[in-house]
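**Student:** Have a peek at input-v2.txt (compact mmCIF, C-alpha atoms).
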# COMPACT_ATOMS: atom_id res chain seq x y z
CA MET A 1 82.24 113.23 74.14
CA ASP A 2 82.15 114.56 77.68
CA LYS A 3 85.29 113.15 79.31
CA LEU A 4 88.95 113.93 78.86
CA ARG A 5 91.99 111.95 79.92
CA ILE A 6 95.29 113.83 80.01
CA ALA A 7 98.38 111.63 80.36
CA THR A 8 101.37 113.52 81.75
CA ARG A 9 104.85 113.13 83.13
CA LYS A 10 103.31 113.27 86.59
CA GLY A 11 100.11 111.28 86.42
CA LEU A 12 96.78 110.88 84.65
CA PHE A 13 94.35 113.80 84.88
CA PHE A 14 90.59 113.45 84.45
CA TYR A 15 88.24 116.18 83.23
CA HIS A 16 84.56 116.20 82.38
CA ARG A 17 82.23 118.62 80.72
CA GLU A 18 79.91 120.85 82.74
CA GLY A 19 77.93 123.16 80.47
CA THR A 20 80.45 125.02 78.35
CA ARG A 21 83.46 124.25 80.56
CA TRP A 22 85.78 121.35 81.24
CA VAL A 23 86.38 120.78 84.94
CA MET A 24 88.75 118.47 86.77
CA SER A 25 86.82 115.40 87.86
CA ARG A 26 88.98 114.10 90.68
CA GLU A 27 92.49 113.89 92.01
CA PRO A 28 94.93 112.67 89.36
CA ALA A 29 95.63 108.96 89.22
CA PHE A 30 99.22 107.73 89.60
CA LEU A 31 100.30 111.15 90.81
CA ALA A 32 104.02 111.76 90.22
CA GLU A 33 104.43 108.72 87.99
CA PRO A 34 105.17 109.08 84.28
CA VAL A 35 102.15 107.98 82.24
CA THR A 36 103.07 107.00 78.70
CA TYR A 37 99.65 106.00 77.39
CA ALA A 38 96.08 105.74 78.64
CA LEU A 39 93.33 103.90 76.80
CA THR A 40 89.66 104.08 77.62
CA ASP A 41 88.27 101.05 75.80
CA PRO A 42 85.03 102.11 74.10
CA ARG A 43 83.83 98.50 74.10
CA ASP A 44 83.55 98.10 77.86
CA GLY A 45 84.71 101.36 79.46
CA ALA A 46 87.83 99.84 81.02
CA ILE A 47 90.70 102.29 81.48
CA TYR A 48 94.25 101.06 80.90
CA VAL A 49 97.17 103.17 82.10
CA ALA A 50 100.77 102.49 81.09
CA LEU A 51 103.57 103.91 83.20
CA ALA A 52 107.31 104.18 82.61
CA HIS A 53 108.48 104.41 86.17
CA GLY A 54 111.86 106.07 86.53
CA HIS A 55 113.16 103.33 88.79
CA PHE A 56 110.94 100.31 88.46
CA GLY A 57 110.26 100.03 84.74
CA VAL A 58 107.13 99.75 82.67
CA LYS A 59 103.87 99.16 84.53
CA LEU A 60 100.29 98.63 83.43
CA HIS A 61 97.08 99.12 85.40
CA ARG A 62 93.38 98.68 84.59
CA SER A 63 90.32 100.21 86.13
CA ASP A 64 86.87 98.72 85.59
CA ASP A 65 85.10 101.43 87.59
CA ASP A 66 86.03 104.58 85.69
CA GLY A 67 89.25 105.19 87.56
CA VAL A 68 88.07 104.76 91.15
CA THR A 69 90.09 101.61 91.79
CA TRP A 70 92.97 100.06 89.86
CA GLN A 71 94.36 96.59 89.33
CA GLU A 72 97.99 96.15 88.37
CA LEU A 73 98.45 93.89 85.35
CA PRO A 74 101.40 91.94 83.99
CA VAL A 75 103.31 93.87 81.37
CA PRO A 76 104.42 92.78 77.92
CA ALA A 77 107.86 91.18 78.07
CA CYS A 78 110.56 90.51 75.51
CA PRO A 79 111.52 86.87 74.91
CA PRO A 80 113.96 85.50 77.51
CA SER A 81 117.61 85.61 76.58
CA ASP A 82 120.96 85.05 78.26
CA GLU A 83 122.60 87.81 76.26
CA PRO A 84 123.82 90.61 78.56
CA ASP A 85 122.28 93.24 76.29
CA ALA A 86 119.06 91.34 75.54
CA PRO A 87 116.15 93.70 74.87
CA ALA A 88 113.60 94.50 77.54
CA VAL A 89 110.42 96.54 77.24
CA GLU A 90 111.28 100.19 77.91
CA LEU A 91 108.02 101.95 77.09
CA ILE A 92 104.42 101.20 76.25
CA TRP A 93 103.84 103.62 73.39
CA SER A 94 100.46 102.57 72.01
CA LEU A 95 97.52 100.55 73.24
CA VAL A 96 94.44 100.00 71.10
CA PRO A 97 91.30 97.84 71.10
CA GLY A 98 91.57 94.79 68.86
CA GLY A 99 88.23 95.32 67.10
CA ASN A 100 84.57 95.35 68.03
CA ASP A 101 84.29 91.64 67.19
CA ARG A 102 87.17 90.78 69.57
CA PRO A 103 86.07 91.89 73.04
CA GLY A 104 88.97 91.91 75.48
CA THR A 105 91.59 91.87 72.74
CA LEU A 106 94.20 94.62 72.90
CA TRP A 107 97.23 95.41 70.76
CA CYS A 108 100.19 97.05 72.43
CA GLY A 109 103.14 98.76 70.75
CA THR A 110 106.36 99.18 72.69
CA ILE A 111 109.91 100.40 72.63
CA PRO A 112 112.04 98.39 71.67
CA GLY A 113 109.78 97.71 68.72
CA GLY A 114 107.84 94.76 70.13
CA LEU A 115 104.19 94.31 69.19
CA PHE A 116 102.09 92.44 71.76
CA VAL A 117 98.53 91.15 71.94
CA SER A 118 96.31 90.37 74.91
CA ARG A 119 93.07 88.45 74.52
CA ASP A 120 92.01 88.79 78.16
CA LYS A 121 91.91 92.50 78.92
CA GLY A 122 95.58 92.68 79.74
CA ALA A 123 95.71 89.75 82.14
CA SER A 124 98.36 88.16 79.91
CA TRP A 125 100.38 89.24 76.88
CA GLN A 126 101.94 87.44 73.94
CA ILE A 127 104.60 88.92 71.70
CA ASN A 128 103.83 88.91 68.00
CA GLU A 129 106.70 86.71 66.89
CA PRO A 130 106.41 87.27 63.14
CA MET A 131 106.94 90.99 63.71
CA TRP A 132 109.60 90.46 66.37
CA ASN A 133 111.56 88.15 64.09
CA GLN A 134 111.59 90.38 61.02
CA PRO A 135 114.97 89.95 59.32
CA SER A 136 115.29 93.72 58.95
CA ARG A 137 115.05 94.33 62.71
CA PRO A 138 118.81 94.73 63.31
CA GLY A 139 118.68 97.76 61.02
CA TRP A 140 115.84 99.49 62.89
CA PHE A 141 116.81 102.53 64.92
CA GLY A 142 115.35 104.76 67.57
CA GLY A 143 113.42 107.96 66.96
CA GLY A 144 113.77 110.15 70.03
CA TYR A 145 114.65 107.09 72.12
CA ASP A 146 117.48 104.60 72.17
CA HIS A 147 115.51 101.92 70.34
CA ALA A 148 112.77 101.73 67.74
CA GLY A 149 109.18 101.94 68.94
CA ILE A 150 105.66 101.18 67.73
CA HIS A 151 103.48 104.24 68.28
CA SER A 152 100.66 103.77 65.76
CA ILE A 153 98.37 100.73 65.55
CA MET A 154 95.34 100.96 63.27
CA VAL A 155 92.90 98.05 63.38
CA ASP A 156 90.64 98.16 60.31
CA PRO A 157 87.00 98.48 61.50
CA ARG A 158 85.96 96.37 58.47
CA ASP A 159 88.30 93.49 59.32
CA SER A 160 90.06 93.10 62.68
CA ASP A 161 92.74 90.91 61.05
CA HIS A 162 93.79 93.84 58.90
CA ILE A 163 96.20 95.98 60.91
CA LEU A 164 98.60 98.75 59.96
CA ILE A 165 101.35 99.84 62.34
CA GLY A 166 103.84 102.70 62.33
CA ILE A 167 107.34 102.43 63.78
CA SER A 168 109.93 105.10 64.61
CA CYS A 169 112.14 104.18 62.93
CA ALA A 170 111.25 101.15 60.83
CA GLY A 171 108.49 102.44 58.56
CA SER A 172 104.95 101.13 58.32
CA TRP A 173 103.86 97.51 58.22
CA ARG A 174 100.64 95.77 57.34
CA THR A 175 99.09 92.41 58.12
CA ARG A 176 95.95 90.95 56.56
CA ASP A 177 95.83 87.82 58.71
CA GLY A 178 95.82 89.05 62.27
CA GLY A 179 99.58 89.30 62.57
CA GLN A 180 100.78 85.99 61.13
CA ASN A 181 102.43 87.70 58.19
CA TRP A 182 103.64 91.28 57.86
CA THR A 183 104.65 93.32 54.84
CA VAL A 184 106.52 96.57 54.95
CA VAL A 185 104.49 99.19 53.11
CA GLY A 186 104.68 102.97 52.82
CA LYS A 187 106.02 103.35 49.29
CA GLY A 188 106.48 107.01 48.51
CA MET A 189 107.79 108.11 51.89
CA MET A 190 111.22 109.71 51.79
CA ALA A 191 113.70 109.49 54.67
CA GLU A 192 115.73 112.58 53.83
CA TYR A 193 117.93 112.12 56.90
CA LEU A 194 119.48 108.96 55.39
CA PRO A 195 122.13 108.84 52.68
CA PRO A 196 120.35 109.89 49.45
CA GLU A 197 120.46 106.40 47.95
CA LYS A 198 118.43 105.18 50.95
CA TRP A 199 115.76 107.90 51.02
CA ASP A 200 113.09 105.59 49.64
CA ASP A 201 113.99 102.59 51.81
CA PRO A 202 110.63 101.67 53.36
CA VAL A 203 112.28 100.31 56.54
CA GLY A 204 114.27 103.50 57.10
CA GLN A 205 111.19 105.70 57.40
CA ASP A 206 110.18 107.60 60.52
CA PRO A 207 106.41 108.02 60.46
CA HIS A 208 105.95 110.11 63.61
CA LEU A 209 102.26 109.22 63.81
CA MET A 210 99.72 107.64 61.50
CA ALA A 211 95.93 107.92 61.65
CA ALA A 212 93.30 106.09 59.62
CA ALA A 213 90.06 107.84 58.71
CA PRO A 214 87.39 105.85 60.58
CA THR A 215 84.79 105.97 57.79
CA ASN A 216 87.34 105.24 55.06
CA PRO A 217 90.13 103.19 56.62
CA ASP A 218 92.01 103.15 53.32
CA ARG A 219 92.67 106.86 53.85
CA ILE A 220 95.76 107.08 56.04
CA TRP A 221 97.22 110.35 57.25
CA CYS A 222 100.86 110.40 58.29
CA GLN A 223 102.92 113.04 60.02
CA HIS A 224 106.39 111.88 59.03
CA HIS A 225 109.77 113.18 60.19
CA CYS A 226 110.23 114.67 56.74
CA GLY A 227 106.74 115.94 56.00
CA ILE A 228 103.06 115.12 55.74
CA TYR A 229 101.85 112.18 53.67
CA VAL A 230 98.47 110.78 52.70
CA SER A 231 97.52 107.33 51.44
CA ASP A 232 94.35 106.15 49.73
CA ASP A 233 95.21 102.47 49.59
CA GLY A 234 95.53 101.56 53.25
CA GLY A 235 99.13 102.65 53.56
CA ALA A 236 100.57 100.74 50.59
CA THR A 237 101.57 103.98 48.86
CA PHE A 238 101.74 107.58 50.03
CA GLU A 239 101.78 110.96 48.38
CA VAL A 240 103.62 113.84 49.94
CA ILE A 241 101.74 117.00 50.89
CA PRO A 242 104.16 119.74 49.83
CA LYS A 243 102.66 122.66 51.77
CA ALA A 244 100.65 122.82 54.99
CA GLY A 245 100.74 126.25 56.62
CA PRO A 246 104.00 127.32 58.22
CA SER A 247 105.67 123.89 58.18
CA THR A 248 105.08 120.26 57.32
CA PHE A 249 107.20 119.11 60.26
CA GLY A 250 105.49 117.96 63.43
CA PHE A 251 104.71 114.91 65.49
CA THR A 252 100.96 114.52 65.64
CA VAL A 253 97.94 114.09 63.41
CA ALA A 254 94.25 113.58 64.08
CA ALA A 255 91.80 112.23 61.50
CA HIS A 256 88.20 113.42 61.39
CA PRO A 257 85.79 110.70 62.57
CA THR A 258 83.41 111.00 59.60
CA LYS A 259 85.11 113.21 56.97
CA PRO A 260 88.12 111.39 55.50
CA ASP A 261 89.36 114.54 53.78
CA THR A 262 89.73 116.39 57.09
CA ALA A 263 92.75 116.10 59.36
CA TRP A 264 94.59 118.29 61.85
CA PHE A 265 98.33 118.80 62.41
CA VAL A 266 100.45 120.90 64.76
CA PRO A 267 103.49 122.23 62.91
CA ALA A 268 106.95 123.14 64.19
CA ILE A 269 110.31 124.12 62.77
CA ARG A 270 111.81 120.92 61.50
CA ASP A 271 114.05 118.61 63.33
CA ALA A 272 116.94 120.80 64.44
CA TYR A 273 114.57 123.08 66.42
CA ARG A 274 111.16 121.51 67.19
CA VAL A 275 109.47 124.73 68.29
CA PRO A 276 106.66 126.67 66.58
CA VAL A 277 107.70 128.56 63.45
CA ASP A 278 108.47 132.18 64.41
CA GLY A 279 107.23 131.40 67.93
CA LYS A 280 103.64 131.35 66.62
CA PHE A 281 101.83 128.29 67.88
CA VAL A 282 99.17 127.17 65.41
CA VAL A 283 97.13 124.17 64.33
CA THR A 284 96.62 123.38 60.66
CA ARG A 285 93.59 121.65 59.17
CA THR A 286 92.86 120.37 55.73
CA ASP A 287 89.28 119.78 54.58
CA ASP A 288 90.09 118.71 51.04
CA GLY A 289 92.39 115.73 51.41
CA GLY A 290 95.56 117.79 51.78
CA LYS A 291 95.21 120.12 48.77
CA THR A 292 94.89 123.18 51.02
CA PHE A 293 95.34 123.89 54.73
CA LYS A 294 93.78 126.44 57.02
CA VAL A 295 95.98 127.90 59.76
CA LEU A 296 94.07 128.00 63.06
CA ASN A 297 95.30 130.09 65.97
CA ARG A 298 92.32 131.86 67.55
CA GLY A 299 92.74 131.45 71.29
CA LEU A 300 96.28 130.11 71.03
CA PRO A 301 99.19 132.16 72.42
CA GLU A 302 100.72 134.89 70.28
CA GLN A 303 104.18 133.72 71.21
CA SER A 304 105.11 130.32 72.56
CA TRP A 305 107.51 127.43 72.25
CA ASP A 306 105.01 124.67 72.90
CA LEU A 307 105.55 121.34 71.18
CA VAL A 308 102.81 118.74 70.82
CA TYR A 309 104.03 115.17 70.90
CA ARG A 310 102.72 112.26 68.86
CA HIS A 311 99.66 111.50 70.95
CA GLY A 312 99.09 115.05 72.18
CA LEU A 313 96.16 115.87 69.88
CA ALA A 314 92.76 114.17 69.77
CA VAL A 315 89.36 114.70 68.21
CA ASP A 316 86.10 113.35 69.58
CA ASP A 317 83.56 111.28 67.66
CA THR A 318 81.62 114.36 66.53
CA GLY A 319 84.63 115.94 64.87
CA GLU A 320 83.85 119.21 66.60
CA ARG A 321 85.65 118.84 69.91
CA LEU A 322 89.43 118.67 70.03
CA VAL A 323 91.96 118.60 72.83
CA MET A 324 95.65 119.33 72.56
CA GLY A 325 98.41 119.14 75.20
CA SER A 326 102.01 120.29 74.96
CA THR A 327 105.33 119.39 76.49
CA THR A 328 105.12 122.73 78.31
CA GLY A 329 102.10 121.43 80.23
CA ASN A 330 99.55 123.57 78.41
CA VAL A 331 96.23 122.07 77.36
CA TRP A 332 93.70 123.64 75.02
CA THR A 333 90.29 122.49 73.85
CA SER A 334 88.14 123.44 70.90
CA ASP A 335 84.39 123.08 70.34
CA ASP A 336 84.40 124.10 66.70
CA GLY A 337 86.75 121.79 64.85
CA GLY A 338 89.82 123.79 65.82
CA GLU A 339 88.59 127.19 64.57
CA SER A 340 89.03 128.53 68.10
CA TRP A 341 90.72 127.25 71.23
CA VAL A 342 90.26 127.73 74.96
CA MET A 343 93.01 127.08 77.49
CA LEU A 344 92.10 124.29 79.86
CA SER A 345 95.23 124.55 81.99
CA SER A 346 98.66 126.12 81.76
CA HIS A 347 99.96 124.36 84.84
CA LEU A 348 99.94 120.66 84.10
CA PRO A 349 103.08 118.51 83.94
CA PRO A 350 104.44 117.86 80.43
CA VAL A 351 101.66 116.25 78.39
CA VAL A 352 102.37 113.10 76.39
CA GLN A 353 98.88 111.98 75.40
CA VAL A 354 95.31 113.25 75.36
CA ALA A 355 92.07 111.39 74.67
CA PHE A 356 88.33 111.77 74.80
CA ALA A 357 86.13 109.19 76.49
CA MET B 358 118.13 82.79 106.50
CA ALA B 359 118.78 86.09 104.75
CA ARG B 360 116.66 89.11 105.46
CA ILE B 361 115.33 91.45 102.76
CA ARG B 362 114.71 95.10 103.56
CA TYR B 363 113.95 98.01 101.29
CA SER B 364 113.68 101.77 101.31
CA ALA B 365 110.38 103.51 102.01
CA TYR B 366 110.22 104.53 98.35
CA VAL B 367 110.43 100.91 97.24
CA GLY B 368 107.88 100.07 99.93
CA LYS B 369 105.23 102.08 98.08
CA HIS B 370 104.92 99.00 95.91
CA ARG B 371 105.12 96.25 98.53
CA ASP B 372 103.20 96.59 101.76
CA THR B 373 104.13 93.19 103.20
CA PRO B 374 107.62 92.47 104.58
CA PHE B 375 109.42 89.52 103.05
CA PRO B 376 109.95 86.50 105.29
CA GLU B 377 113.54 85.50 105.96
CA THR B 378 114.65 83.41 103.01
CA ALA B 379 117.35 80.80 102.35
CA GLY B 380 119.74 81.07 99.43
CA ALA B 381 123.45 81.15 98.62
CA THR B 382 123.34 84.06 96.16
CA VAL B 383 121.40 87.27 95.72
CA GLY B 384 119.56 85.70 92.82
CA ALA B 385 118.57 82.62 94.80
CA VAL B 386 117.28 84.63 97.75
CA LEU B 387 115.30 87.06 95.60
CA ALA B 388 113.88 84.27 93.44
CA ALA B 389 112.61 82.41 96.49
CA ALA B 390 111.32 85.51 98.26
CA MET B 391 109.51 86.94 95.24
CA ALA B 392 108.20 83.71 93.76
CA ASP B 393 104.67 84.52 94.82
CA ASP B 394 104.84 88.19 93.90
CA PRO B 395 105.90 88.39 90.24
CA ILE B 396 104.59 91.92 89.89
CA PHE B 397 106.86 93.22 92.66
CA ARG B 398 109.71 91.18 91.19
CA SER B 399 109.18 93.13 87.98
CA TYR B 400 109.82 96.33 89.92
CA ILE B 401 113.29 95.15 90.90
CA LEU B 402 114.35 92.94 87.99
CA ASP B 403 113.54 93.24 84.29
CA GLU B 404 112.10 90.39 82.25
CA GLN B 405 115.64 89.09 81.57
CA GLY B 406 116.26 88.77 85.32
CA ARG B 407 118.70 91.68 85.44
CA VAL B 408 118.64 94.32 88.16
CA ARG B 409 116.83 97.32 86.75
CA LYS B 410 119.10 100.14 85.67
CA HIS B 411 117.85 102.48 88.37
CA VAL B 412 117.58 100.02 91.24
CA THR B 413 120.48 99.37 93.61
CA LEU B 414 120.96 96.26 95.73
CA PHE B 415 123.24 95.88 98.73
CA VAL B 416 124.36 92.78 100.61
CA ASP B 417 125.44 93.66 104.15
CA GLY B 418 126.08 97.22 103.07
CA GLU B 419 128.13 96.35 99.98
CA THR B 420 126.78 97.20 96.54
CA VAL B 421 125.86 94.11 94.53
CA LYS B 422 128.38 93.74 91.71
CA ASP B 423 126.78 91.16 89.43
CA ARG B 424 123.67 92.92 88.22
CA LEU B 425 123.18 90.54 85.29
CA ARG B 426 123.12 87.13 86.98
CA LEU B 427 122.89 88.14 90.66
CA SER B 428 125.66 85.74 91.64
CA ASP B 429 127.00 87.76 94.60
CA PRO B 430 127.21 85.41 97.61
CA VAL B 431 124.84 85.71 100.55
CA ARG B 432 125.56 84.35 104.03
CA PRO B 433 122.82 82.81 106.18
CA ASP B 434 122.68 85.93 108.35
CA SER B 435 123.03 88.46 105.51
CA GLU B 436 120.73 91.35 104.81
CA ILE B 437 119.81 92.32 101.25
CA TYR B 438 118.76 95.94 100.95
CA ILE B 439 116.81 97.24 97.94
CA MET B 440 116.66 100.93 97.11
CA GLN B 441 115.81 103.18 94.21
CA ALA B 442 118.97 104.45 92.56
CA LEU B 443 118.91 108.22 92.62
CA SER B 444 120.08 108.19 89.00
CA GLY B 445 116.47 107.27 88.18
CA GLY B 446 115.14 110.59 89.37
Let's see the structure in the file written out as C-alpha cells.
**Tutor:**
Amino acid sequence: MDKLRIATRKGLFFYHREGTRWVMSREPAFLAEPVTYALTDPRDGAIYVALAHGHFGVKLHRSDDDGVTWQELPVPACPPSDEPDAPAVELIWSLVPGGNDRPGTLWCGTIPGGLFVSRDKGASWQINEPMWNQPSRPGWFGGGYDHAGIHSIMVDPRDSDHILIGISCAGSWRTRDGGQNWTVVGKGMMAEYLPPEKWDDPVGQDPHLMAAAPTNPDRIWCQHHCGIYVSDDGGATFEVIPKAGPSTFGFTVAAHPTKPDTAWFVPAIRDAYRVPVDGKFVVTRTDDGGKTFKVLNRGLPEQSWDLVYRHGLAVDDTGERLVMGSTTGNVWTSDDGGESWVMLSSHLPPVVQVAFA
Amino acid sequence: MARIRYSAYVGKHRDTPFPETAGATVGAVLAAAMADDPIFRSYILDEQGRVRKHVTLFVDGETVKDRLRLSDPVRPDSEIYIMQALSGG
C-alpha cells in the first residue's frame, strides 16, 4: 500500500510512496489539533478523522476527496441525562468499517465505553444500547484515562453481525447478532493488578489492543496489560504467551494479513515504567503462532525511550510493509516484515495512530 | 436582546456573528442563538447541555456560575462572551 496516515497530537500527516522512499504528500490536516483516530475506509476511500479538541470536545470530520476538503459530522453522544455527572463522550478511540456487505456502516468505540454505529457514513450515530446498558458497567474502570474505553472493534469478514470488541478496562465482548446481544468472553486472561481472587474475572481485564487475523478471524492476538495472549476460537478463550523477547508488556499488536501465525508487538518494561527494556527499542515478531519470537531492531535506535501506543503500529495488506510511530514523535517504516526499519521522521508530534491506505 | 461575542480562538469554528437574541437566562439565549448551528453548539456545550470543562462564559464581564443548567440571568442589553479556558491548553 502506497499511502500512510499518521495521526498525532498536532494533526494528521499524509505520506505517499515515491520509489523506495516515503514523502510527505501535503500540509498536515487539522494542524495543531489532537487527532485520536483516522480511518481511511477501504470500501469507498472516505477518510474519517476524530479529534479530541482541548477546549471544544470530540469532533469528527470526513473527506470524500482524499483529504483535500473536509465536512464536519455530528459526533456520537451519550444518552441525555439530568444527572450532574452524566457521562459524555470524551474520546473517539476506534472507528472501523461495518463490513463489505454494509456500505456506509461504521462502528465507533469511545471513552466512556460507549459503542456507536452509523449507517450513513457518519451523518448520524446511534448508541448500541445493549452494550451501554450492561449490568456490569458500574464496575468498569479506566485504563490510562478516567473512564473505560473501547479501542478494538473486529468485524468478522465472514459475517458482519459477528463482532468482537476490546475494552480498557472491561475485557472483551462478542456479539453474533449485530449488537443486539453481547457476551463477555476472554476466558484465560489474568488481571494480575486486581486482588488475586479476581484475576480471572473476565470483566476486569485490560486488553490493551486486540487484532484478528484477516484470513482466519478465529485467531485473535491480544496485547494485554499483563502479557500477550492468543485465541483460536474467536476470543472465547485465550492462552498466555509466556515469553516474547525482552518483555510481554506493551500496548500494540499487528496481525499479518494472510499468515495467521504471524504477529508483531512492541515491548516495554511493564506498567510501572513503560519504556523499552534496557533502553533498547525493539519489535518482536512471531511466525509460529506465539511459540517463538524474533527480536527485530535493525535500523532502530541503540538507545531510546520510545513508547508505541495501542494504534501506533500497522501492517499493510502485503504483510511486508509496516509503519510504527511513538509518543516521542518518531516514525519508522519497514519493507521487509519488520526485519529492518528506516526512520521516516524524528520530528513529528507525539504519534497516537498510524495506518496504511 | 442579548449580544453574543467570542474570542478569536473560538471564532476559528464560527465565521458568522450571532444575531442579537432574546432570553432571560444564559441557557435560553444560547439555545435560541445556536438552534440552527448544532455543530457549533457542540463546541461550547456537551451533549448533556453543560458548559464544556475548558470553555468559559461571561455575562457582562462576570463568570457564569451555573455551568450545568445555565440558569444565570441575562438582561435585555447583556453581552455573553465565550472564550476558551486556558486550562484546556
**Student:** May I ask for the distance between atom CA of A:Ile111 and atom CA of A:Met131, given in Å to one decimal place?
**Tutor:** 13.3 Å
**Student:** Select all residues from chain A having any atom no more than 10 Å from an atom of chain B (counting only C-alpha atoms, ignoring ligands), output as an mmCIF file with C-alpha atoms, in the frame of the given file.
**Tutor:**
data_model
loop_
_atom_site.group_PDB
_atom_site.id
_atom_site.type_symbol
_atom_site.label_atom_id
_atom_site.label_comp_id
_atom_site.auth_asym_id
_atom_site.auth_seq_id
_atom_site.Cartn_x
_atom_site.Cartn_y
_atom_site.Cartn_z
ATOM 1 C CA HIS A 53 108.480 104.410 86.170
ATOM 2 C CA GLY A 54 111.860 106.070 86.530
ATOM 3 C CA HIS A 55 113.160 103.330 88.790
ATOM 4 C CA PHE A 56 110.940 100.310 88.460
ATOM 5 C CA GLY A 57 110.260 100.030 84.740
ATOM 6 C CA VAL A 58 107.130 99.750 82.670
ATOM 7 C CA LYS A 59 103.870 99.160 84.530
ATOM 8 C CA GLU A 72 97.990 96.150 88.370
ATOM 9 C CA LEU A 73 98.450 93.890 85.350
ATOM 10 C CA PRO A 74 101.400 91.940 83.990
ATOM 11 C CA VAL A 75 103.310 93.870 81.370
ATOM 12 C CA PRO A 76 104.420 92.780 77.920
ATOM 13 C CA ALA A 77 107.860 91.180 78.070
ATOM 14 C CA CYS A 78 110.560 90.510 75.510
ATOM 15 C CA PRO A 79 111.520 86.870 74.910
ATOM 16 C CA PRO A 80 113.960 85.500 77.510
ATOM 17 C CA SER A 81 117.610 85.610 76.580
ATOM 18 C CA ASP A 82 120.960 85.050 78.260
ATOM 19 C CA GLU A 83 122.600 87.810 76.260
ATOM 20 C CA PRO A 84 123.820 90.610 78.560
ATOM 21 C CA ASP A 85 122.280 93.240 76.290
ATOM 22 C CA ALA A 86 119.060 91.340 75.540
ATOM 23 C CA PRO A 87 116.150 93.700 74.870
ATOM 24 C CA ALA A 88 113.600 94.500 77.540
ATOM 25 C CA VAL A 89 110.420 96.540 77.240
ATOM 26 C CA GLU A 90 111.280 100.190 77.910
#
**Student:** Might you pull out every residue within 7 Å of stretch 259-271 of chain A, with only C-alpha atoms counted and same-chain residues fewer than 4 positions away left off, and present them as a list in words?
**Tutor:** Ala213, Thr215, Asn216, Arg219, Pro246, Ser247, Thr248, Phe249, Gly250, Thr252, Val253, Ala254, Ala255, Val275, Pro276, Val277, Val282, Val283, Thr284, Arg285, Thr286, Asp287, Asp288, Gly289 and Val308 of chain A
**Student:** Using only C-alpha atoms - which residues lie no farther than 8 Å from the point (118.9, 94.4, 100.1) in the file's frame? Write them as a list in words.
**Tutor:**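 Every polymer residue passing the test: Arg360, Ile361, Arg362, Tyr363, Leu414, Phe415, Val416, Asp417, Glu436, Ile437, Tyr438, Ile439 and Met440 of chain B.
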**Student:** For stretch 372-379 of chain B, list every protein, DNA or RNA residue within 8 Å, evaluated using only C-alpha atoms, and leave out those in the same chain fewer than 2 positions away; present the list as number ranges by chain.
**Tutor:** B: 358-362, 368-370, 381, 385-386, 389-390, 433
**Student:** Work out how far atom CA of B:Gly380 is from atom CA of B:Asp423, in Å to one decimal.
**Tutor:**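 Separation of atom CA of B:Asp423 and atom CA of B:Gly380: 15.9 Å.
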**Student:** Could you give me, as JSON, numbers by chain, the residues within 8 Å of B:Gly384, counting all atoms listed in the file and dropping anything in the same chain fewer than 2 positions from it?
**Tutor:** {"B": [382, 386, 387, 388, 426, 427, 428, 429]}
**Student:** Could you save the residues just selected, with C-alpha atoms, as an mmCIF file, in the frame of the given file?
**Tutor:**
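Printed below is selection.cif as written:
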data_model
loop_
_atom_site.group_PDB
_atom_site.id
_atom_site.type_symbol
_atom_site.label_atom_id
_atom_site.label_comp_id
_atom_site.auth_asym_id
_atom_site.auth_seq_id
_atom_site.Cartn_x
_atom_site.Cartn_y
_atom_site.Cartn_z
ATOM 1 C CA THR B 382 123.340 84.060 96.160
ATOM 2 C CA VAL B 386 117.280 84.630 97.750
ATOM 3 C CA LEU B 387 115.300 87.060 95.600
ATOM 4 C CA ALA B 388 113.880 84.270 93.440
ATOM 5 C CA ARG B 426 123.120 87.130 86.980
ATOM 6 C CA LEU B 427 122.890 88.140 90.660
ATOM 7 C CA SER B 428 125.660 85.740 91.640
ATOM 8 C CA ASP B 429 127.000 87.760 94.600
#
**Student:** Find the residues around A:Asp120 up to 10 Å (all atoms listed in the file counted), leave out those fewer than 4 positions away in its own chain, and share them as a ChimeraX atom specification.
**Tutor:** /A:103-106,124-125
**Student:** For a test of reading the model, state the distance in Å between atom CA of A:Lys121 and atom CA of A:Asp2, rounded to one decimal.
**Tutor:**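 One can read the atom CA of A:Lys121 to atom CA of A:Asp2 distance as 24.2 Å.
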**Student:** Which residues, protein or nucleic acid, reach to within 6 Å of (97.5, 113.3, 72.4) in the file's coordinates when using all atoms listed in the file, and can you give that as a list in words?
**Tutor:** His311, Gly312, Leu313, Ala314, Gln353 and Val354 of chain A
**Student:** Nearest residue to A:Gln205 out of A:Ile220, A:Val295, A:Leu115, A:Ala170, using only C-alpha atoms?
**Tutor:**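 Answer, going by the shortest atom-to-atom distance: A:Ala170.
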**Student:** At a cut-off of 8 Å, using only C-alpha atoms, what residues contact stretch 3-16 of chain A? Leave out same-chain residues fewer than 2 positions from it and give the result as a ChimeraX atom specification.
**Tutor:** /A:1,18,22-38,325,348-357
**Student:** Of the residues A:Val117, A:Val185, A:Val155, A:Cys169, which is the one nearest to A:His224, using all atoms listed in the file?
**Tutor:**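 Smallest separation from A:His224 among the options: A:Cys169.
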**Student:** Counting only C-alpha atoms, which residue out of A:Asp206, A:Asp200, A:Glu339, A:Asp306 sits closest to A:Arg321?
**Tutor:**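 Ranking A:Asp206, A:Asp200, A:Glu339, A:Asp306 by distance to A:Arg321, first place goes to A:Glu339.
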